[in-house]
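K.L.:
Here you go, entry.cif (mmCIF, C-alpha atoms):
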data_my_file
#
loop_
_atom_site.group_PDB
_atom_site.id
_atom_site.type_symbol
_atom_site.label_atom_id
_atom_site.label_comp_id
_atom_site.auth_asym_id
_atom_site.auth_seq_id
_atom_site.Cartn_x
_atom_site.Cartn_y
_atom_site.Cartn_z
ATOM 1 C CA MET A 186 -6.839 16.244 -35.614
ATOM 2 C CA SER A 187 -9.662 14.424 -37.400
ATOM 3 C CA GLU A 188 -13.309 15.189 -36.722
ATOM 4 C CA ARG A 189 -13.878 11.582 -35.648
ATOM 5 C CA TYR A 190 -10.994 11.768 -33.160
ATOM 6 C CA GLN A 191 -12.396 14.993 -31.702
ATOM 7 C CA GLU A 192 -15.778 13.299 -31.363
ATOM 8 C CA PHE A 193 -14.102 10.363 -29.647
ATOM 9 C CA GLN A 194 -12.268 12.585 -27.139
ATOM 10 C CA SER A 195 -15.461 14.480 -26.370
ATOM 11 C CA LEU A 196 -17.386 11.235 -25.813
ATOM 12 C CA LEU A 197 -14.594 9.828 -23.644
ATOM 13 C CA ARG A 198 -14.763 12.890 -21.375
ATOM 14 C CA THR A 199 -18.573 12.968 -21.312
ATOM 15 C CA ASN A 200 -18.866 9.277 -20.477
ATOM 16 C CA ALA A 201 -16.119 9.478 -17.838
ATOM 17 C CA GLU A 202 -17.981 12.317 -16.123
ATOM 18 C CA ALA A 203 -21.244 10.355 -16.222
ATOM 19 C CA VAL A 204 -19.543 7.261 -14.777
ATOM 20 C CA GLU A 205 -17.891 9.360 -12.053
ATOM 21 C CA THR A 206 -21.258 10.887 -11.123
ATOM 22 C CA LEU A 207 -22.955 7.497 -10.922
ATOM 23 C CA LEU A 208 -20.102 5.942 -8.914
ATOM 24 C CA THR A 209 -20.207 8.890 -6.513
ATOM 25 C CA ASP A 210 -23.891 8.199 -5.955
ATOM 26 C CA LEU A 211 -23.374 4.438 -5.574
ATOM 27 C CA LEU A 212 -20.620 5.067 -3.016
ATOM 28 C CA SER A 213 -22.586 7.564 -0.960
ATOM 29 C CA ALA A 214 -23.468 7.013 2.692
ATOM 30 C CA ASN A 215 -27.114 6.387 1.751
ATOM 31 C CA LEU A 216 -28.258 2.941 2.857
ATOM 32 C CA GLN A 217 -29.852 0.614 0.338
ATOM 33 C CA SER A 218 -32.613 -1.844 1.189
ATOM 34 C CA ASP A 219 -31.387 -4.721 3.403
ATOM 35 C CA GLU A 220 -28.169 -2.890 4.286
ATOM 36 C CA ILE A 221 -27.617 -2.444 8.030
ATOM 37 C CA ALA A 222 -24.826 0.173 7.969
ATOM 38 C CA ARG A 223 -22.099 1.540 5.709
ATOM 39 C CA PRO A 224 -18.918 1.794 7.823
ATOM 40 C CA GLU A 225 -17.425 5.239 7.287
ATOM 41 C CA ARG A 226 -13.759 4.223 7.028
ATOM 42 C CA LEU A 227 -14.479 1.359 4.621
ATOM 43 C CA LEU A 228 -16.583 3.646 2.451
ATOM 44 C CA ALA A 229 -13.813 6.266 2.461
ATOM 45 C CA ALA A 230 -11.258 3.657 1.350
ATOM 46 C CA MET A 231 -13.551 2.501 -1.453
ATOM 47 C CA ARG A 232 -14.101 6.064 -2.620
ATOM 48 C CA HIS A 233 -10.348 6.686 -2.537
ATOM 49 C CA GLY A 234 -9.791 3.696 -4.794
ATOM 50 C CA VAL A 235 -12.570 4.555 -7.240
ATOM 51 C CA LEU A 236 -13.218 8.301 -7.343
ATOM 52 C CA ASN A 237 -9.721 9.267 -8.421
ATOM 53 C CA GLY A 238 -10.121 10.181 -12.054
ATOM 54 C CA GLY A 239 -8.961 7.923 -14.837
ATOM 55 C CA LYS A 240 -10.138 7.545 -18.410
ATOM 56 C CA ARG A 241 -12.928 5.083 -17.485
ATOM 57 C CA LEU A 242 -12.122 3.192 -20.673
ATOM 58 C CA ARG A 243 -13.894 -0.022 -19.718
ATOM 59 C CA PRO A 244 -17.281 1.572 -19.006
ATOM 60 C CA PHE A 245 -16.767 3.689 -22.127
ATOM 61 C CA LEU A 246 -16.535 0.488 -24.170
ATOM 62 C CA VAL A 247 -19.711 -0.862 -22.540
ATOM 63 C CA ILE A 248 -21.616 2.348 -23.270
ATOM 64 C CA GLU A 249 -20.399 2.743 -26.840
ATOM 65 C CA SER A 250 -20.772 -0.921 -27.793
ATOM 66 C CA ALA A 251 -24.357 -0.762 -26.514
ATOM 67 C CA ALA A 252 -24.927 2.516 -28.385
ATOM 68 C CA MET A 253 -24.486 0.677 -31.697
ATOM 69 C CA PHE A 254 -27.820 -1.057 -31.104
ATOM 70 C CA PRO A 255 -31.216 0.681 -31.237
ATOM 71 C CA ASP A 256 -33.484 0.872 -28.216
ATOM 72 C CA VAL A 257 -30.751 0.409 -25.585
ATOM 73 C CA GLU A 258 -31.192 2.906 -22.743
ATOM 74 C CA ARG A 259 -27.961 4.783 -22.102
ATOM 75 C CA GLU A 260 -28.609 4.751 -18.355
ATOM 76 C CA THR A 261 -28.733 0.959 -18.398
ATOM 77 C CA ALA A 262 -25.415 0.669 -20.238
ATOM 78 C CA LEU A 263 -23.964 3.257 -17.851
ATOM 79 C CA ARG A 264 -24.890 1.125 -14.853
ATOM 80 C CA ILE A 265 -23.276 -1.990 -16.356
ATOM 81 C CA GLY A 266 -20.206 0.113 -17.126
ATOM 82 C CA ALA A 267 -20.097 1.308 -13.515
ATOM 83 C CA ALA A 268 -20.316 -2.293 -12.303
ATOM 84 C CA LEU A 269 -17.373 -3.203 -14.497
ATOM 85 C CA GLU A 270 -15.411 -0.195 -13.248
ATOM 86 C CA CYS A 271 -15.951 -1.360 -9.652
ATOM 87 C CA ILE A 272 -14.298 -4.667 -10.534
ATOM 88 C CA HIS A 273 -11.472 -2.933 -12.388
ATOM 89 C CA CYS A 274 -10.838 -0.604 -9.436
ATOM 90 C CA TYR A 275 -10.983 -3.480 -6.931
ATOM 91 C CA SER A 276 -8.311 -5.235 -8.990
ATOM 92 C CA LEU A 277 -6.106 -2.141 -8.870
ATOM 93 C CA VAL A 278 -6.533 -1.751 -5.101
ATOM 94 C CA HIS A 279 -5.492 -5.364 -4.531
ATOM 95 C CA ASP A 280 -2.810 -5.296 -7.243
ATOM 96 C CA ASP A 281 -1.105 -2.399 -5.441
ATOM 97 C CA LEU A 282 -0.817 -4.298 -2.142
ATOM 98 C CA PRO A 283 2.666 -5.252 -0.841
ATOM 99 C CA ALA A 284 1.930 -8.954 -1.378
ATOM 100 C CA MET A 285 1.172 -8.277 -5.042
ATOM 101 C CA ASP A 286 2.853 -5.527 -7.108
ATOM 102 C CA ASP A 287 3.624 -3.344 -4.069
ATOM 103 C CA ASP A 288 2.897 0.120 -5.474
ATOM 104 C CA ASP A 289 2.673 3.385 -3.540
ATOM 105 C CA LEU A 290 1.172 5.500 -6.315
ATOM 106 C CA ARG A 291 -1.942 5.098 -8.461
ATOM 107 C CA ARG A 292 -3.340 7.781 -10.802
ATOM 108 C CA GLY A 293 -0.989 10.286 -9.222
ATOM 109 C CA GLN A 294 -2.078 9.752 -5.616
ATOM 110 C CA PRO A 295 -1.219 7.362 -2.762
ATOM 111 C CA THR A 296 -2.605 3.873 -3.201
ATOM 112 C CA VAL A 297 -5.362 2.754 -0.842
ATOM 113 C CA HIS A 298 -3.127 0.746 1.484
ATOM 114 C CA ILE A 299 -0.800 3.749 1.809
ATOM 115 C CA ALA A 300 -3.599 6.274 2.371
ATOM 116 C CA PHE A 301 -5.376 3.929 4.821
ATOM 117 C CA ASP A 302 -3.849 0.533 5.655
ATOM 118 C CA GLU A 303 -3.606 -2.947 4.185
ATOM 119 C CA ALA A 304 -6.716 -4.282 5.931
ATOM 120 C CA ALA A 305 -8.787 -1.351 4.671
ATOM 121 C CA ALA A 306 -7.460 -1.916 1.135
ATOM 122 C CA ILE A 307 -8.328 -5.622 1.214
ATOM 123 C CA LEU A 308 -11.845 -4.945 2.485
ATOM 124 C CA ALA A 309 -12.346 -2.082 0.023
ATOM 125 C CA GLY A 310 -11.450 -4.408 -2.853
ATOM 126 C CA ASP A 311 -13.672 -7.192 -1.528
ATOM 127 C CA THR A 312 -16.619 -4.814 -1.200
ATOM 128 C CA LEU A 313 -16.144 -3.270 -4.642
ATOM 129 C CA LEU A 314 -16.200 -6.742 -6.186
ATOM 130 C CA THR A 315 -19.467 -7.506 -4.405
ATOM 131 C CA LEU A 316 -20.935 -4.108 -5.274
ATOM 132 C CA ALA A 317 -20.406 -4.786 -8.978
ATOM 133 C CA PHE A 318 -22.881 -7.665 -8.955
ATOM 134 C CA ASP A 319 -25.241 -5.682 -6.730
ATOM 135 C CA ILE A 320 -25.380 -2.999 -9.433
ATOM 136 C CA VAL A 321 -26.157 -5.499 -12.196
ATOM 137 C CA ALA A 322 -28.877 -7.258 -10.205
ATOM 138 C CA ALA A 323 -30.497 -4.145 -8.688
ATOM 139 C CA PRO A 324 -33.997 -3.113 -9.842
ATOM 140 C CA GLU A 325 -32.567 0.212 -11.008
ATOM 141 C CA THR A 326 -30.828 -1.710 -13.798
ATOM 142 C CA ARG A 327 -33.810 -2.029 -16.114
ATOM 143 C CA LEU A 328 -33.157 -5.264 -17.949
ATOM 144 C CA PRO A 329 -34.952 -8.622 -18.185
ATOM 145 C CA ASP A 330 -33.835 -11.138 -15.563
ATOM 146 C CA ALA A 331 -32.401 -13.403 -18.269
ATOM 147 C CA THR A 332 -30.218 -10.559 -19.549
ATOM 148 C CA LYS A 333 -29.014 -9.773 -16.039
ATOM 149 C CA THR A 334 -28.139 -13.439 -15.554
ATOM 150 C CA ALA A 335 -26.150 -13.464 -18.808
ATOM 151 C CA LEU A 336 -24.279 -10.316 -17.724
ATOM 152 C CA VAL A 337 -23.532 -11.723 -14.258
ATOM 153 C CA LEU A 338 -22.182 -14.944 -15.763
ATOM 154 C CA ALA A 339 -20.049 -13.188 -18.372
ATOM 155 C CA LEU A 340 -18.683 -10.728 -15.811
ATOM 156 C CA ALA A 341 -17.919 -13.461 -13.270
ATOM 157 C CA ARG A 342 -16.080 -15.510 -15.896
ATOM 158 C CA ALA A 343 -14.097 -12.434 -16.982
ATOM 159 C CA ALA A 344 -13.132 -11.520 -13.407
ATOM 160 C CA GLY A 345 -12.587 -14.954 -11.849
ATOM 161 C CA ILE A 346 -10.203 -17.877 -11.923
ATOM 162 C CA GLY A 347 -10.332 -18.230 -15.703
ATOM 163 C CA GLY A 348 -10.046 -14.486 -16.245
ATOM 164 C CA MET A 349 -8.541 -11.535 -14.414
ATOM 165 C CA ALA A 350 -7.848 -13.112 -11.003
ATOM 166 C CA GLY A 351 -6.341 -16.219 -12.593
ATOM 167 C CA GLY A 352 -4.241 -14.036 -14.854
ATOM 168 C CA GLN A 353 -2.917 -12.132 -11.833
ATOM 169 C CA ALA A 354 -1.946 -15.453 -10.251
ATOM 170 C CA LEU A 355 -0.073 -16.471 -13.400
ATOM 171 C CA ASP A 356 1.597 -13.063 -13.517
ATOM 172 C CA LEU A 357 2.924 -13.461 -9.976
ATOM 173 C CA MET A 358 4.210 -16.930 -10.811
ATOM 174 C CA ALA A 359 5.951 -15.558 -13.894
ATOM 175 C CA GLU A 360 8.173 -13.356 -11.721
ATOM 176 C CA ASN A 361 10.013 -16.487 -10.564
ATOM 177 C CA ALA A 362 10.002 -18.323 -13.873
ATOM 178 C CA ALA A 363 10.828 -17.868 -17.543
ATOM 179 C CA PRO A 364 7.459 -18.258 -19.259
ATOM 180 C CA GLU A 365 7.209 -19.106 -22.922
ATOM 181 C CA GLU A 366 5.722 -16.503 -25.233
ATOM 182 C CA ASP A 367 2.425 -18.403 -25.488
ATOM 183 C CA ASP A 368 2.226 -18.391 -21.681
ATOM 184 C CA ILE A 369 2.711 -14.625 -21.636
ATOM 185 C CA VAL A 370 -0.080 -14.181 -24.168
ATOM 186 C CA THR A 371 -2.381 -16.389 -22.070
ATOM 187 C CA LEU A 372 -1.763 -14.609 -18.765
ATOM 188 C CA GLN A 373 -2.165 -11.184 -20.368
ATOM 189 C CA ALA A 374 -5.378 -12.244 -22.113
ATOM 190 C CA MET A 375 -6.669 -13.213 -18.671
ATOM 191 C CA LYS A 376 -5.262 -10.457 -16.457
ATOM 192 C CA THR A 377 -5.947 -7.509 -18.774
ATOM 193 C CA GLY A 378 -7.893 -8.734 -21.770
ATOM 194 C CA ALA A 379 -10.785 -10.536 -20.081
ATOM 195 C CA LEU A 380 -12.405 -7.398 -18.620
ATOM 196 C CA LEU A 381 -11.910 -5.509 -21.878
ATOM 197 C CA ARG A 382 -13.486 -8.433 -23.741
ATOM 198 C CA PHE A 383 -16.473 -8.270 -21.410
ATOM 199 C CA ALA A 384 -16.731 -4.491 -21.861
ATOM 200 C CA CYS A 385 -17.194 -4.910 -25.609
ATOM 201 C CA GLU A 386 -19.395 -7.993 -25.485
ATOM 202 C CA ALA A 387 -21.622 -6.451 -22.814
ATOM 203 C CA GLY A 388 -23.164 -4.009 -25.279
ATOM 204 C CA ALA A 389 -24.448 -6.882 -27.381
ATOM 205 C CA ILE A 390 -25.695 -8.765 -24.289
ATOM 206 C CA ILE A 391 -27.597 -5.696 -23.071
ATOM 207 C CA ALA A 392 -29.133 -5.263 -26.521
ATOM 208 C CA GLY A 393 -30.099 -8.917 -26.885
ATOM 209 C CA ALA A 394 -28.170 -8.903 -30.164
ATOM 210 C CA PRO A 395 -27.782 -12.002 -32.356
ATOM 211 C CA GLN A 396 -25.052 -14.436 -31.369
ATOM 212 C CA ASP A 397 -22.871 -13.597 -34.381
ATOM 213 C CA GLU A 398 -22.788 -9.901 -33.432
ATOM 214 C CA ARG A 399 -22.042 -10.793 -29.830
ATOM 215 C CA GLN A 400 -19.128 -12.978 -30.967
ATOM 216 C CA THR A 401 -17.815 -10.231 -33.243
ATOM 217 C CA LEU A 402 -17.737 -7.717 -30.400
ATOM 218 C CA ARG A 403 -16.152 -10.339 -28.155
ATOM 219 C CA ARG A 404 -13.350 -10.867 -30.690
ATOM 220 C CA TYR A 405 -12.960 -7.107 -31.062
ATOM 221 C CA GLY A 406 -12.597 -6.904 -27.264
ATOM 222 C CA GLU A 407 -9.935 -9.601 -27.290
ATOM 223 C CA THR A 408 -8.051 -7.725 -30.006
ATOM 224 C CA VAL A 409 -8.079 -4.348 -28.256
ATOM 225 C CA GLY A 410 -7.293 -6.136 -24.992
ATOM 226 C CA LEU A 411 -4.043 -7.428 -26.461
ATOM 227 C CA ALA A 412 -3.337 -3.978 -27.895
ATOM 228 C CA PHE A 413 -3.928 -2.415 -24.472
ATOM 229 C CA GLN A 414 -1.449 -4.763 -22.801
ATOM 230 C CA ILE A 415 1.258 -4.310 -25.431
ATOM 231 C CA ALA A 416 0.808 -0.532 -25.222
ATOM 232 C CA ASP A 417 0.968 -0.756 -21.412
ATOM 233 C CA ASP A 418 4.187 -2.782 -21.502
ATOM 234 C CA LEU A 419 5.629 -0.332 -24.018
ATOM 235 C CA LEU A 420 4.749 2.610 -21.761
ATOM 236 C CA ASP A 421 6.317 0.842 -18.777
ATOM 237 C CA LEU A 422 9.509 0.757 -20.826
ATOM 238 C CA THR A 423 9.410 4.252 -22.357
ATOM 239 C CA ALA A 424 7.222 6.587 -20.242
ATOM 240 C CA ASP A 425 8.021 8.374 -16.977
ATOM 241 C CA SER A 426 6.098 7.989 -13.731
ATOM 242 C CA ALA A 427 4.835 11.611 -13.774
ATOM 243 C CA THR A 428 3.108 11.028 -17.111
ATOM 244 C CA MET A 429 1.714 7.649 -16.083
ATOM 245 C CA GLY A 430 0.642 8.596 -12.554
ATOM 246 C CA LYS A 431 2.254 5.394 -11.255
ATOM 247 C CA ALA A 432 5.679 3.799 -11.062
ATOM 248 C CA THR A 433 7.240 2.735 -14.366
ATOM 249 C CA GLY A 434 10.133 0.437 -15.243
ATOM 250 C CA LYS A 435 9.007 -2.137 -12.680
ATOM 251 C CA ASP A 436 8.783 -5.012 -15.162
ATOM 252 C CA ALA A 437 12.440 -4.599 -16.069
ATOM 253 C CA GLU A 438 13.459 -4.246 -12.406
ATOM 254 C CA ARG A 439 11.769 -7.519 -11.546
ATOM 255 C CA GLY A 440 12.950 -9.279 -14.674
ATOM 256 C CA LYS A 441 9.338 -9.923 -15.622
ATOM 257 C CA ALA A 442 8.946 -11.270 -19.146
ATOM 258 C CA THR A 443 6.568 -9.389 -21.442
ATOM 259 C CA LEU A 444 6.039 -9.499 -25.176
ATOM 260 C CA VAL A 445 7.799 -6.140 -25.422
ATOM 261 C CA SER A 446 10.828 -7.318 -23.439
ATOM 262 C CA ARG A 447 11.013 -10.449 -25.613
ATOM 263 C CA ARG A 448 10.425 -8.830 -29.010
ATOM 264 C CA GLY A 449 11.509 -5.209 -28.572
ATOM 265 C CA GLN A 450 10.010 -1.767 -29.102
ATOM 266 C CA ALA A 451 9.956 -1.855 -32.916
ATOM 267 C CA TRP A 452 8.069 -5.170 -32.923
ATOM 268 C CA ALA A 453 5.573 -3.799 -30.385
ATOM 269 C CA GLU A 454 4.859 -0.694 -32.447
ATOM 270 C CA ASN A 455 4.319 -2.771 -35.596
ATOM 271 C CA ARG A 456 2.151 -5.268 -33.744
ATOM 272 C CA LEU A 457 -0.042 -2.462 -32.439
ATOM 273 C CA LYS A 458 -0.599 -1.218 -35.985
ATOM 274 C CA GLY A 459 -1.585 -4.729 -37.037
ATOM 275 C CA LEU A 460 -4.022 -5.106 -34.133
ATOM 276 C CA VAL A 461 -5.744 -1.847 -35.053
ATOM 277 C CA MET A 462 -6.193 -3.170 -38.596
ATOM 278 C CA GLU A 463 -7.630 -6.412 -37.197
ATOM 279 C CA ALA A 464 -10.059 -4.449 -35.037
ATOM 280 C CA GLU A 465 -11.215 -2.387 -38.014
ATOM 281 C CA ALA A 466 -11.751 -5.528 -40.105
ATOM 282 C CA LEU A 467 -13.810 -7.159 -37.340
ATOM 283 C CA LEU A 468 -16.083 -4.135 -37.092
ATOM 284 C CA ALA A 469 -16.602 -3.759 -40.834
ATOM 285 C CA PRO A 470 -20.024 -5.508 -40.751
ATOM 286 C CA PHE A 471 -21.311 -2.780 -38.432
ATOM 287 C CA SER A 472 -20.408 -0.104 -41.003
ATOM 288 C CA HIS A 473 -20.791 3.510 -39.791
ATOM 289 C CA ARG A 474 -22.179 2.392 -36.413
ATOM 290 C CA ALA A 475 -18.694 1.255 -35.399
ATOM 291 C CA GLY A 476 -16.920 4.572 -35.977
ATOM 292 C CA ILE A 477 -16.343 5.286 -32.291
ATOM 293 C CA LEU A 478 -15.134 1.747 -31.535
ATOM 294 C CA ILE A 479 -12.681 1.976 -34.434
ATOM 295 C CA GLU A 480 -11.379 5.248 -33.034
ATOM 296 C CA THR A 481 -11.119 3.586 -29.635
ATOM 297 C CA ALA A 482 -8.816 0.919 -31.086
ATOM 298 C CA HIS A 483 -6.543 3.665 -32.416
ATOM 299 C CA PHE A 484 -6.615 5.415 -29.045
ATOM 300 C CA ILE A 485 -5.718 2.241 -27.123
ATOM 301 C CA ALA A 486 -2.813 1.438 -29.439
ATOM 302 C CA ASN A 487 -1.403 4.967 -29.395
ATOM 303 C CA ARG A 488 -2.115 6.109 -25.838
ATOM 304 C CA ARG A 489 0.552 7.977 -23.888
ATOM 305 C CA ASN A 490 -0.575 7.204 -20.339
#
Please go through the file and, once you have read it, give me the structure as structure tokens.
P.N.:
Amino acid sequence: MSERYQEFQSLLRTNAEAVETLLTDLLSANLQSDEIARPERLLAAMRHGVLNGGKRLRPFLVIESAAMFPDVERETALRIGAALECIHCYSLVHDDLPAMDDDDLRRGQPTVHIAFDEAAAILAGDTLLTLAFDIVAAPETRLPDATKTALVLALARAAGIGGMAGGQALDLMAENAAPEEDDIVTLQAMKTGALLRFACEAGAIIAGAPQDERQTLRRYGETVGLAFQIADDLLDLTADSATMGKATGKDAERGKATLVSRRGQAWAENRLKGLVMEAEALLAPFSHRAGILIETAHFIANRRN
């Protein structure tokens, strides 16, 4: 095990713990200014959908992309990462609903609609989405208003009709169709890749970095986003549900077309290697500052759950 990989694993754990601590605080019963009440059952459903472990990869990418730039406060990047994680978790809560992917298990525990009910799951997702933008805009997030506006816009575009939510819609449509390979790439870039793209670009936005560096991190995010989805589809084919903490083999059961089902396991493994090389090449201008993000690309491509 390389020293850089050990450093990466240590940082992943440390950042995940910090994100968990912040999310626990944000989802406490303590009222914020202009809030009238925090309904106990709704709050419990939100906490069930968020405070359930996980690698916290998306906030990790926000924190570590921001860490490449001097003078960025870690606490600020942590808050933007927590906002992004709220949107990611809302998407999982809604994705698990019977009308969507209909899953009973998430991260090794009952999904929100199973532990509570469908109405609670819908409201928990709605509230987590709203909370994300609350976190960005709040005074505790110490950034200039123009930077907050840029983050809100980028996050909304990544999560909305042209990003994650639109990608989920295309994914549902694909269950009753035979999409072309380009269509699969598009829906996956939206459903999975858009939030990962934001996670990487956010560090440059927080730092007020030059446009060329922002674009480089955006392209890196798109590259690791594709790698994440190919790895996910590969795991759905090869891993067991105990390892994954959720049901596997569902794509094949539903006849859902993925790049892996179209091209095969050997192609997927080779493509992942190529994407890691692309990610490394993109980050070359950042030199030693990009060591952790390079290791992250390897981790995403070779993950086992």
K.L.:
Determine, counting only C-alpha atoms, every residue of protein, DNA or RNA that lies within 12 Å of (-36.9, 2.0, -12.3) in the file coordinates, then give the result as an MDAnalysis selection string.
P.N.:
chainID A and resid 258 260:261 323:328
K.L.:
Looking at A:Arg291, A:Arg342, A:Arg382, A:Arg189, which one is nearest to A:Ala475, with distances taken over all atoms listed in the file?
P.N.:
A:Arg189
K.L.:
Env of A:Val235: 12 Å cut, atoms = only C-alpha atoms, seq-sep filter 2 positions within chain, self excluded. Answer as a PyMOL selection string.
P.N.:
chain A and resi 204-212+228-233+237-241+267-278+291-292+294+296-297+306+309-310+312-314
K.L.:
Skip A:Glu365 itself and residues of its chain fewer than 4 positions away, then list as number ranges by chain all residues within 12 Å of it, counting only C-alpha atoms.
P.N.:
A: 359, 369-372, 441-444, 447
K.L.:
Just the number, please: distance in Å from atom CA of A:Ile415 to atom CA of A:Leu246, one decimal.
P.N.:
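It comes out at 18.5 Å.
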K.L.:
Quick one: pull the distance between atom CA of A:Asp288 and atom CA of A:Val409, Å, one decimal.
P.N.:
25.7 Å
K.L.:
So how far away is atom CA of A:Glu220 from atom CA of A:Pro244, in Å?
P.N.:
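Separating atom CA of A:Pro244 from atom CA of A:Glu220 is a distance of 26.1 Å.
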K.L.:
Can you give me, as a PyMOL selection string, the residues this file yields under the PyMOL selection byres ((chain A and resi 262) around 8)?
P.N.:
chain A and resi 247-248+251+257-261+263-266+388+391
K.L.:
Would you save the residues of that selection, restricted to C-alpha atoms, as a compact mmCIF listing (two decimals), in the coordinates of the input?
P.N.:
# COMPACT_ATOMS: atom_id res chain seq x y z
CA VAL A 247 -19.71 -0.86 -22.54
CA ILE A 248 -21.62 2.35 -23.27
CA ALA A 251 -24.36 -0.76 -26.51
CA VAL A 257 -30.75 0.41 -25.58
CA GLU A 258 -31.19 2.91 -22.74
CA ARG A 259 -27.96 4.78 -22.10
CA GLU A 260 -28.61 4.75 -18.36
CA THR A 261 -28.73 0.96 -18.40
CA LEU A 263 -23.96 3.26 -17.85
CA ARG A 264 -24.89 1.12 -14.85
CA ILE A 265 -23.28 -1.99 -16.36
CA GLY A 266 -20.21 0.11 -17.13
CA GLY A 388 -23.16 -4.01 -25.28
CA ILE A 391 -27.60 -5.70 -23.07
K.L.:
Taking (-13.0, -4.1, -39.4) in the file's coordinates as the center, which residues reach within 12 Å of it, counting all atoms listed in the file, put as a PyMOL selection string?
P.N.:
chain A and resi 401-402+404-405+408+459-476+478-480+482
K.L.:
Once you have the residues from the selection above, write them out as a PDB file, in the frame of the given file, restricted to C-alpha atoms.
P.N.:
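Written out: result.pdb:
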ATOM      1  CA  THR A 401     -17.815 -10.231 -33.243  1.00  0.00           C
ATOM      2  CA  LEU A 402     -17.737  -7.717 -30.400  1.00  0.00           C
ATOM      3  CA  ARG A 404     -13.350 -10.867 -30.690  1.00  0.00           C
ATOM      4  CA  TYR A 405     -12.960  -7.107 -31.062  1.00  0.00           C
ATOM      5  CA  THR A 408      -8.051  -7.725 -30.006  1.00  0.00           C
ATOM      6  CA  GLY A 459      -1.585  -4.729 -37.037  1.00  0.00           C
ATOM      7  CA  LEU A 460      -4.022  -5.106 -34.133  1.00  0.00           C
ATOM      8  CA  VAL A 461      -5.744  -1.847 -35.053  1.00  0.00           C
ATOM      9  CA  MET A 462      -6.193  -3.170 -38.596  1.00  0.00           C
ATOM     10  CA  GLU A 463      -7.630  -6.412 -37.197  1.00  0.00           C
ATOM     11  CA  ALA A 464     -10.059  -4.449 -35.037  1.00  0.00           C
ATOM     12  CA  GLU A 465     -11.215  -2.387 -38.014  1.00  0.00           C
ATOM     13  CA  ALA A 466     -11.751  -5.528 -40.105  1.00  0.00           C
ATOM     14  CA  LEU A 467     -13.810  -7.159 -37.340  1.00  0.00           C
ATOM     15  CA  LEU A 468     -16.083  -4.135 -37.092  1.00  0.00           C
ATOM     16  CA  ALA A 469     -16.602  -3.759 -40.834  1.00  0.00           C
ATOM     17  CA  PRO A 470     -20.024  -5.508 -40.751  1.00  0.00           C
ATOM     18  CA  PHE A 471     -21.311  -2.780 -38.432  1.00  0.00           C
ATOM     19  CA  SER A 472     -20.408  -0.104 -41.003  1.00  0.00           C
ATOM     20  CA  HIS A 473     -20.791   3.510 -39.791  1.00  0.00           C
ATOM     21  CA  ARG A 474     -22.179   2.392 -36.413  1.00  0.00           C
ATOM     22  CA  ALA A 475     -18.694   1.255 -35.399  1.00  0.00           C
ATOM     23  CA  GLY A 476     -16.920   4.572 -35.977  1.00  0.00           C
ATOM     24  CA  LEU A 478     -15.134   1.747 -31.535  1.00  0.00           C
ATOM     25  CA  ILE A 479     -12.681   1.976 -34.434  1.00  0.00           C
ATOM     26  CA  GLU A 480     -11.379   5.248 -33.034  1.00  0.00           C
ATOM     27  CA  ALA A 482      -8.816   0.919 -31.086  1.00  0.00           C
TER      28      ALA A 482
END
K.L.:
Give me, as a list of chain:residue names, all polymer residues having an atom no more than 12 Å from A:Gln191, counting all atoms listed in the file and skipping those fewer than 3 positions away in the same chain.
P.N.:
A:Met186, A:Ser187, A:Glu188, A:Gln194, A:Ser195, A:Leu196, A:Leu197, A:Arg198, A:Ile477, A:Glu480, A:Thr481, A:Phe484
K.L.:
Is there a way to complete stretch 478-484 of chain A with N, CA, C and O atoms and then write that out as a PDB file, in the frame of the given file?
P.N.:
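Okay, this is what ended up in result_32.pdb:
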ATOM      1  N   LEU A 478     -15.941   2.888 -31.985  1.00  0.00           N
ATOM      2  CA  LEU A 478     -15.134   1.747 -31.535  1.00  0.00           C
ATOM      3  C   LEU A 478     -13.851   1.621 -32.357  1.00  0.00           C
ATOM      4  O   LEU A 478     -12.810   1.204 -31.834  1.00  0.00           O
ATOM      5  N   ILE A 479     -13.907   1.971 -33.622  1.00  0.00           N
ATOM      6  CA  ILE A 479     -12.681   1.976 -34.434  1.00  0.00           C
ATOM      7  C   ILE A 479     -11.716   3.026 -33.901  1.00  0.00           C
ATOM      8  O   ILE A 479     -10.504   2.770 -33.743  1.00  0.00           O
ATOM      9  N   GLU A 480     -12.234   4.196 -33.587  1.00  0.00           N
ATOM     10  CA  GLU A 480     -11.379   5.248 -33.034  1.00  0.00           C
ATOM     11  C   GLU A 480     -10.820   4.834 -31.677  1.00  0.00           C
ATOM     12  O   GLU A 480      -9.682   5.181 -31.326  1.00  0.00           O
ATOM     13  N   THR A 481     -11.592   4.078 -30.931  1.00  0.00           N
ATOM     14  CA  THR A 481     -11.119   3.586 -29.635  1.00  0.00           C
ATOM     15  C   THR A 481      -9.921   2.657 -29.802  1.00  0.00           C
ATOM     16  O   THR A 481      -8.969   2.705 -29.012  1.00  0.00           O
ATOM     17  N   ALA A 482      -9.955   1.811 -30.825  1.00  0.00           N
ATOM     18  CA  ALA A 482      -8.816   0.919 -31.086  1.00  0.00           C
ATOM     19  C   ALA A 482      -7.557   1.729 -31.369  1.00  0.00           C
ATOM     20  O   ALA A 482      -6.464   1.404 -30.879  1.00  0.00           O
ATOM     21  N   HIS A 483      -7.689   2.789 -32.151  1.00  0.00           N
ATOM     22  CA  HIS A 483      -6.543   3.665 -32.416  1.00  0.00           C
ATOM     23  C   HIS A 483      -6.041   4.308 -31.122  1.00  0.00           C
ATOM     24  O   HIS A 483      -4.835   4.397 -30.875  1.00  0.00           O
ATOM     25  N   PHE A 484      -6.974   4.765 -30.307  1.00  0.00           N
ATOM     26  CA  PHE A 484      -6.615   5.415 -29.045  1.00  0.00           C
ATOM     27  C   PHE A 484      -5.859   4.455 -28.132  1.00  0.00           C
ATOM     28  O   PHE A 484      -4.838   4.814 -27.531  1.00  0.00           O
TER      29      PHE A 484
END
